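Student: CSV, C-alpha atoms, file coords-v2.csv:
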chain,number,residue,atom,x,y,z
M,1,MET,CA,-16.4,-8.6,53.8
M,2,CYS,CA,-19.2,-9.8,51.5
M,3,LYS,CA,-18.3,-11.7,48.3
M,4,PHE,CA,-20.5,-11.7,45.3
M,5,ASP,CA,-20.5,-15.1,43.5
M,6,GLN,CA,-22.6,-13.5,40.7
M,7,LEU,CA,-23.6,-9.9,40.2
M,8,PHE,CA,-25.2,-9.5,36.9
M,9,GLU,CA,-26.1,-5.9,37.0
M,10,ILE,CA,-24.8,-3.2,39.3
M,11,LEU,CA,-28.0,-1.2,39.5
M,12,PRO,CA,-29.6,0.2,42.7
M,13,THR,CA,-32.4,-2.0,44.0
M,14,VAL,CA,-35.8,-0.4,43.6
M,15,LEU,CA,-37.2,0.0,47.1
M,16,SER,CA,-40.9,-0.7,46.7
M,17,TYR,CA,-41.6,-0.4,50.4
M,18,LEU,CA,-40.9,3.3,50.3
M,19,SER,CA,-44.2,4.0,48.5
M,20,ASN,CA,-46.4,1.6,50.5
M,21,THR,CA,-45.8,0.3,54.0
M,22,TYR,CA,-48.8,-2.0,53.5
M,23,GLN,CA,-47.5,-3.8,50.4
M,24,PHE,CA,-46.7,-7.3,51.8
M,25,GLU,CA,-46.1,-9.1,48.5
M,26,GLY,CA,-44.1,-8.3,45.4
M,27,VAL,CA,-42.7,-9.7,42.2
M,28,SER,CA,-39.1,-9.2,41.1
M,29,ARG,CA,-36.1,-10.9,39.4
M,30,VAL,CA,-32.8,-12.2,40.7
M,31,VAL,CA,-29.8,-10.0,39.6
M,32,GLY,CA,-27.1,-11.2,42.0
M,33,ARG,CA,-26.0,-13.8,44.5
M,34,GLY,CA,-23.3,-13.8,47.1
M,35,GLU,CA,-21.9,-15.0,50.4
M,36,ASP,CA,-21.3,-13.2,53.7
M,37,PRO,CA,-18.9,-14.9,56.2
M,38,ASN,CA,-21.1,-13.9,59.1
M,39,ARG,CA,-24.7,-14.2,57.8
M,40,GLY,CA,-24.4,-16.7,54.9
M,41,SER,CA,-25.8,-16.7,51.4
M,42,PHE,CA,-27.8,-13.8,50.0
M,43,LEU,CA,-29.7,-12.9,46.8
M,44,VAL,CA,-30.1,-9.4,45.2
M,45,PHE,CA,-33.3,-8.6,43.3
M,46,ASP,CA,-34.0,-5.8,40.8
M,47,GLU,CA,-36.6,-4.5,43.3
M,48,THR,CA,-37.9,-5.5,46.7
M,49,VAL,CA,-40.7,-5.2,49.2
M,50,PHE,CA,-38.3,-6.2,52.0
M,51,TYR,CA,-37.1,-3.4,54.3
M,52,PRO,CA,-33.4,-3.8,55.0
M,53,GLN,CA,-32.2,-3.2,58.6
M,54,GLY,CA,-31.1,0.4,59.2
M,55,GLY,CA,-32.1,3.8,60.5
M,56,GLY,CA,-32.8,2.2,63.9
M,57,GLN,CA,-35.4,-0.2,62.4
M,58,PRO,CA,-35.0,-4.0,62.1
M,59,SER,CA,-35.3,-5.7,58.7
M,60,ASP,CA,-38.4,-7.5,57.4
M,61,THR,CA,-38.4,-11.2,57.3
M,62,GLY,CA,-40.5,-13.6,55.2
M,63,LEU,CA,-40.6,-16.1,52.3
M,64,ILE,CA,-39.7,-16.0,48.6
M,65,THR,CA,-40.7,-18.5,46.0
M,66,ILE,CA,-38.5,-19.2,42.9
M,67,HIS,CA,-39.5,-22.0,40.4
M,68,ASN,CA,-42.1,-23.3,42.8
M,69,LYS,CA,-39.6,-23.7,45.6
M,70,THR,CA,-39.9,-21.7,48.8
M,71,TYR,CA,-37.0,-20.1,50.6
M,72,THR,CA,-36.8,-18.3,54.0
M,73,VAL,CA,-35.5,-14.8,54.2
M,74,ASN,CA,-34.2,-14.4,57.8
M,75,PHE,CA,-32.4,-11.0,57.5
M,76,VAL,CA,-32.1,-8.2,55.0
M,77,SER,CA,-29.4,-5.5,54.7
M,78,PHE,CA,-28.5,-2.6,52.5
M,79,PHE,CA,-25.0,-1.9,51.0
M,80,ASP,CA,-24.1,0.7,48.4
M,81,GLY,CA,-27.5,0.8,46.7
M,82,LEU,CA,-28.1,-3.0,46.8
M,83,VAL,CA,-30.5,-4.9,49.1
M,84,LYS,CA,-29.2,-8.2,50.2
M,85,HIS,CA,-31.7,-10.9,51.2
M,86,TYR,CA,-30.1,-13.6,53.4
M,87,ILE,CA,-31.5,-17.0,52.6
M,88,GLN,CA,-31.7,-19.9,55.1
M,89,GLU,CA,-31.6,-22.6,52.4
M,90,ASN,CA,-29.1,-23.5,49.7
M,91,ILE,CA,-29.3,-21.0,46.8
M,92,SER,CA,-26.6,-22.4,44.5
M,93,ALA,CA,-29.1,-23.5,41.8
M,94,ILE,CA,-30.8,-20.1,41.5
M,95,GLU,CA,-30.0,-18.4,38.2
M,96,LYS,CA,-29.9,-14.9,36.8
M,97,GLY,CA,-33.3,-13.6,35.8
M,98,SER,CA,-35.3,-16.1,38.0
M,99,LEU,CA,-38.7,-14.7,38.8
M,100,VAL,CA,-39.2,-14.1,42.5
M,101,LEU,CA,-42.5,-13.9,44.5
M,102,SER,CA,-41.8,-12.2,47.8
M,103,LYS,CA,-44.1,-12.3,50.9
M,104,ILE,CA,-43.0,-10.5,54.0
M,105,ASP,CA,-44.2,-11.2,57.5
M,106,PRO,CA,-47.1,-8.6,57.7
M,107,GLU,CA,-47.3,-8.6,61.5
M,108,ARG,CA,-43.6,-7.8,61.9
M,109,ARG,CA,-43.8,-5.1,59.2
M,110,ILE,CA,-46.7,-3.3,61.0
M,111,LEU,CA,-45.1,-3.7,64.5
M,112,ASN,CA,-41.9,-2.1,63.2
M,113,ALA,CA,-43.8,0.7,61.4
M,114,LYS,CA,-45.7,1.4,64.6
M,115,ALA,CA,-42.5,1.6,66.7
M,116,HIS,CA,-40.9,3.9,64.1
M,117,THR,CA,-43.9,6.2,63.7
M,118,ALA,CA,-44.2,6.3,67.5
M,119,GLY,CA,-40.6,7.3,67.8
M,120,HIS,CA,-41.1,10.2,65.4
M,121,LEU,CA,-44.1,11.4,67.2
M,122,LEU,CA,-42.4,11.2,70.6
M,123,GLY,CA,-39.4,13.0,69.3
M,124,SER,CA,-41.4,15.9,68.0
M,125,ILE,CA,-43.4,16.3,71.1
M,126,VAL,CA,-40.5,16.1,73.5
M,127,GLU,CA,-38.6,18.7,71.5
M,128,SER,CA,-41.7,21.0,71.7
M,129,LEU,CA,-41.9,20.6,75.5
M,130,ALA,CA,-38.1,20.7,76.2
M,131,PRO,CA,-36.4,22.8,73.4
M,132,GLU,CA,-33.0,22.0,75.0
M,133,LEU,CA,-33.3,18.5,73.7
M,134,ILE,CA,-32.7,17.7,70.0
M,135,ALA,CA,-33.6,14.2,68.7
M,136,PHE,CA,-30.8,12.6,66.8
M,137,LYS,CA,-31.1,8.8,67.2
M,138,GLY,CA,-33.9,6.3,67.3
M,139,PHE,CA,-34.0,2.6,68.2
M,140,HIS,CA,-37.3,1.3,66.9
M,141,PHE,CA,-36.9,-2.4,67.7
M,142,GLN,CA,-39.6,-4.2,69.7
M,143,GLU,CA,-37.0,-4.9,72.4
M,144,GLY,CA,-37.0,-1.6,74.3
M,145,PRO,CA,-37.5,1.2,71.7
M,146,TYR,CA,-36.2,4.6,72.6
M,147,VAL,CA,-35.3,8.0,71.1
M,148,GLU,CA,-32.0,9.7,72.1
M,149,PHE,CA,-31.6,13.4,72.3
M,150,GLU,CA,-28.6,15.7,72.3
M,151,GLY,CA,-28.5,17.7,75.5
M,152,GLN,CA,-29.7,17.3,79.0
M,153,LEU,CA,-33.2,17.9,80.5
M,154,LYS,CA,-33.1,21.3,82.4
M,155,SER,CA,-36.5,23.0,81.9
M,156,MET,CA,-38.5,20.5,84.0
M,157,SER,CA,-38.2,17.3,85.9
M,158,SER,CA,-38.2,13.9,84.2
M,159,ALA,CA,-41.5,13.1,85.9
M,160,ASP,CA,-43.1,16.3,84.6
M,161,LEU,CA,-41.9,15.6,81.0
M,162,ILE,CA,-43.2,12.1,81.1
M,163,GLU,CA,-46.6,13.2,82.2
M,164,ARG,CA,-46.9,16.1,79.8
M,165,ALA,CA,-45.5,14.3,76.8
M,166,ASN,CA,-47.6,11.2,77.3
M,167,LEU,CA,-50.7,13.4,77.4
M,168,LEU,CA,-49.8,15.2,74.2
M,169,ILE,CA,-48.8,12.0,72.4
M,170,ASN,CA,-52.1,10.3,73.1
M,171,GLN,CA,-54.0,13.5,72.3
M,172,ALA,CA,-52.3,13.5,68.9
M,173,ILE,CA,-53.1,9.9,68.3
M,174,ALA,CA,-56.8,10.6,69.1
M,175,SER,CA,-56.8,13.5,66.6
M,176,ASN,CA,-56.1,11.2,63.6
M,177,VAL,CA,-52.9,12.9,62.5
M,178,ASN,CA,-51.8,11.9,59.0
M,179,VAL,CA,-48.3,10.6,58.2
M,180,ILE,CA,-47.0,11.8,54.8
M,181,CYS,CA,-43.8,10.4,53.3
M,182,SER,CA,-42.2,12.6,50.5
M,183,VAL,CA,-39.3,11.8,48.2
M,184,ILE,CA,-37.2,15.0,47.7
M,185,SER,CA,-34.1,16.0,45.8
M,186,SER,CA,-30.9,17.0,47.6
M,187,GLN,CA,-31.7,20.6,46.7
M,188,GLU,CA,-35.0,20.6,48.6
M,189,PRO,CA,-34.3,20.4,52.3
M,190,SER,CA,-35.0,24.1,52.8
M,191,LYS,CA,-38.4,23.6,51.4
M,192,PHE,CA,-39.2,21.4,54.3
M,193,CYS,CA,-37.5,23.7,56.8
M,194,ILE,CA,-34.6,21.3,57.2
M,195,GLU,CA,-31.4,23.3,57.7
M,196,SER,CA,-28.8,20.5,58.0
M,197,PRO,CA,-27.9,18.2,55.1
M,198,LEU,CA,-29.8,15.0,54.9
M,199,GLN,CA,-27.8,12.0,56.1
M,200,ILE,CA,-28.8,9.5,53.4
M,201,PRO,CA,-26.8,6.3,52.9
M,202,SER,CA,-25.2,6.0,49.4
M,203,GLY,CA,-27.8,4.6,47.0
M,204,LYS,CA,-30.9,5.3,49.1
M,205,THR,CA,-33.7,7.7,48.2
M,206,GLU,CA,-33.8,11.1,49.9
M,207,ARG,CA,-37.1,11.2,51.8
M,208,VAL,CA,-38.8,13.1,54.6
M,209,VAL,CA,-41.7,12.1,56.9
M,210,THR,CA,-44.2,14.7,58.0
M,211,MET,CA,-47.0,14.4,60.6
M,212,ASP,CA,-49.6,17.2,60.3
M,213,GLY,CA,-48.6,19.9,62.7
M,214,PHE,CA,-45.1,18.7,63.3
M,215,GLU,CA,-41.7,19.4,61.7
M,216,PRO,CA,-40.6,17.0,58.9
M,217,VAL,CA,-37.9,14.6,59.6
M,218,PRO,CA,-35.5,12.9,57.1
M,219,CYS,CA,-36.3,9.1,57.2
M,220,GLY,CA,-36.2,6.1,54.9
M,221,GLY,CA,-38.2,3.8,57.3
M,222,THR,CA,-41.7,2.3,57.1
M,223,HIS,CA,-44.5,4.3,58.6
M,224,LEU,CA,-48.2,4.1,59.3
M,225,LYS,CA,-50.7,6.1,57.2
M,226,ASN,CA,-52.2,7.7,60.2
M,227,ILE,CA,-51.0,7.7,63.8
M,228,SER,CA,-54.5,6.7,65.1
M,229,GLU,CA,-53.3,3.2,64.1
M,230,LEU,CA,-50.8,3.3,67.0
M,231,GLY,CA,-53.4,2.7,69.7
M,232,SER,CA,-51.4,4.2,72.6
M,233,VAL,CA,-47.8,5.2,73.2
M,234,ASN,CA,-46.3,5.9,76.6
M,235,ILE,CA,-42.9,7.0,77.8
M,236,ARG,CA,-41.5,4.5,80.2
M,237,LYS,CA,-38.5,6.3,81.6
M,238,ILE,CA,-36.0,9.0,80.9
M,239,GLN,CA,-32.2,8.5,81.5
M,240,GLY,CA,-29.1,10.6,81.2
M,241,ARG,CA,-26.6,8.9,78.8
M,242,ASN,CA,-23.1,10.3,78.1
M,243,GLY,CA,-24.3,13.9,78.3
M,244,ASN,CA,-27.4,13.1,76.2
M,245,THR,CA,-31.0,12.1,77.2
M,246,LYS,CA,-32.5,8.7,76.4
M,247,VAL,CA,-36.3,8.5,76.4
M,248,SER,CA,-37.7,4.9,76.3
M,249,TYR,CA,-41.2,4.2,75.2
M,250,LYS,CA,-43.8,1.5,74.7
M,251,VAL,CA,-46.4,1.0,72.0
M,252,GLN,CA,-49.6,-0.9,72.9
What would you get if you wrote out this structure as structure tokens?

Tutor:
Amino acid sequence: MCKFDQLFEILPTVLSYLSNTYQFEGVSRVVGRGEDPNRGSFLVFDETVFYPQGGGQPSDTGLITIHNKTYTVNFVSFFDGLVKHYIQENISAIEKGSLVLSKIDPERRILNAKAHTAGHLLGSIVESLAPELIAFKGFHFQEGPYVEFEGQLKSMSSADLIERANLLINQAIASNVNVICSVISSQEPSKFCIESPLQIPSGKTERVVTMDGFEPVPCGGTHLKNISELGSVNIRKIQGRNGNTKVSYKVQ
């Protein structure tokens, strides 16, 4: 269990990345410090550009500068409204209110956003071709991304689904489909044709991601502005998995 050495204000971290995937730098202040037995020392800021691991997406990494000294952020997590930035170096001298300049790794951010956006696009298209499959889980890491669906493929063969889905995915990419992220209240899911309650972690903003022509999906991850930025996306294989269906893909 994490222990906070200092927690000056228990206020939710402002998640700057929600409004702009392409914001790679930010300024904030230190509001807390602590220790995790597994990952080591961490800092909490009043706001952050760092994406914390979750929702099937890996965290951002990068550098922060405090009082002209640079520190390495090698992992970021989210807990009960607070974003914890795990620091490689000793942070014992860092005090409350210290000004922080954050710089995330831009290449990693965009690669993760591509994998996540591709997963949403793939999920929507597979559901349209095979209605017996309902997307419920995504793994948007660079190491073997996939979308998992409830149900088993019955309406066509795996080879047919791969061929048809790949064609539609890349047609959509060529058509310059916009990606729109909308913050909503808990009373608004029906407005976006979402029947089930949004599964939002405590302290996180309720948000849906919509691609023109596709159903909106609840999501707090980072996404591209337009899916033309994906280049190409291809399904690699389809596997049965504990009564469900796993569709693995590659972004190039």

Student: Do you know which residues are at most 12 Å from Ala115 in chain M counting all atoms listed in the file, after dropping those on the same chain fewer than 5 positions away, and could you put them as JSON, numbers by chain?

Tutor: {"M": [56, 57, 58, 108, 109, 110, 120, 121, 122, 138, 139, 140, 141, 142, 143, 144, 145, 146, 147, 221, 222, 223, 224, 227, 229, 230, 231, 232, 233, 234, 248, 249, 250, 251, 252]}

Student: Residues at most 7 Å from range 173-175 of chain M, counting all atoms listed in the file, excluding those fewer than 3 positions away in the same chain, as a PyMOL selection string?

Tutor: chain M and resi 169-170+227-228

Student: To one decimal place, how far is CA of Val209 in chain M from CA of Glu47 in chain M in Å?

Tutor: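 CA of Glu47 in chain M lies at a distance of 22.1 Å from CA of Val209 in chain M.
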
Student: Which one is closest to Thr72 in chain M: M:Tyr17, M:Glu95, M:Thr48, M:Ile104? Count all atoms listed in the file.

Tutor: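 Going through M:Tyr17, M:Glu95, M:Thr48, M:Ile104 one by one, the smallest distance to Thr72 in chain M is for M:Ile104.
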
Student: For the atom pair CA of Leu43 in chain M and CA of Arg207 in chain M, what is the interatomic distance in Å to one decimal place?

Tutor: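 Going from CA of Leu43 in chain M over to CA of Arg207 in chain M covers 25.7 Å.
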
Student: Take CA of Lys137 in chain M and CA of Thr245 in chain M and report the distance between them in Å, one decimal.

Tutor: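 Those two atoms sit 10.5 Å apart.
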
Student: Rank nothing, just name the residue among M:Asn178, M:Pro37, M:Leu129, M:Ile184 nearest to Arg164 in chain M, using only C-alpha atoms.

Tutor: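 Closest candidate: M:Leu129.
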
Student: Would you please work out which residue, of M:Ser158, M:Thr21, M:Gln53, M:Thr61, is nearest to Asn226 in chain M when using all atoms listed in the file?

Tutor: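 Of M:Ser158, M:Thr21, M:Gln53, M:Thr61, the one nearest Asn226 in chain M is M:Thr21, counting all atoms listed in the file.
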
Student: Please check which residues have atoms at most 7 Å from (-36.1, 17.2, 67.5) in the file's coordinates, counting all atoms listed in the file, and write them as a count of residues only.

Tutor: 6

Student: Pick out the residues sitting within 7 Å of Val73 in chain M, and hand them over as a PyMOL selection string; count all atoms listed in the file, and ignore anything fewer than 2 positions along from it in its own chain.

Tutor: chain M and resi 61-63+71+75+85-88

Student: With all atoms listed in the file as the counted atoms, please give the residues lying no more than 7 Å from Phe45 in chain M, apart from itself and same-chain residues fewer than 4 positions off, as a PyMOL selection string.

Tutor: chain M and resi 13+28-32

Student: With only C-alpha atoms as the atoms that count, which of M:Leu18, M:Leu167, M:Asn38, M:Thr70 lies nearest to Glu206 in chain M?

Tutor: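 Ranking M:Leu18, M:Leu167, M:Asn38, M:Thr70 by distance to Glu206 in chain M, first place goes to M:Leu18.
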
Student: Which residue out of M:Ala118, M:Pro131, M:Cys219, M:Gly40 has the minimum interatomic distance to Ala172 in chain M when all atoms listed in the file are used?

Tutor: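 Closest to Ala172 in chain M, using all atoms listed in the file: M:Ala118.
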
Student: With all atoms listed in the file as the basis for distance, which of M:Lys69, M:Lys154, M:Arg241, M:Lys96 is at the shortest distance from Glu132 in chain M?

Tutor: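 Going through M:Lys69, M:Lys154, M:Arg241, M:Lys96 one by one, the smallest distance to Glu132 in chain M is for M:Lys154.
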
Student: Neighbouring residues of Asn68 in chain M were defined as those with any atom within 10 Å, considering only C-alpha atoms; residues of the same chain fewer than 3 positions away were excluded. Please report them as a PyMOL selection string.

Tutor: chain M and resi 64-65+71+100-101

Student: Take the selection from the previous step and output its residues with C-alpha atoms, as a PDB file, in the frame of the given file.

Tutor:
ATOM      1  CA  ILE M  64     -39.700 -16.000  48.600  1.00  0.00           C
ATOM      2  CA  THR M  65     -40.700 -18.500  46.000  1.00  0.00           C
ATOM      3  CA  TYR M  71     -37.000 -20.100  50.600  1.00  0.00           C
ATOM      4  CA  VAL M 100     -39.200 -14.100  42.500  1.00  0.00           C
ATOM      5  CA  LEU M 101     -42.500 -13.900  44.500  1.00  0.00           C
TER       6      LEU M 101
END
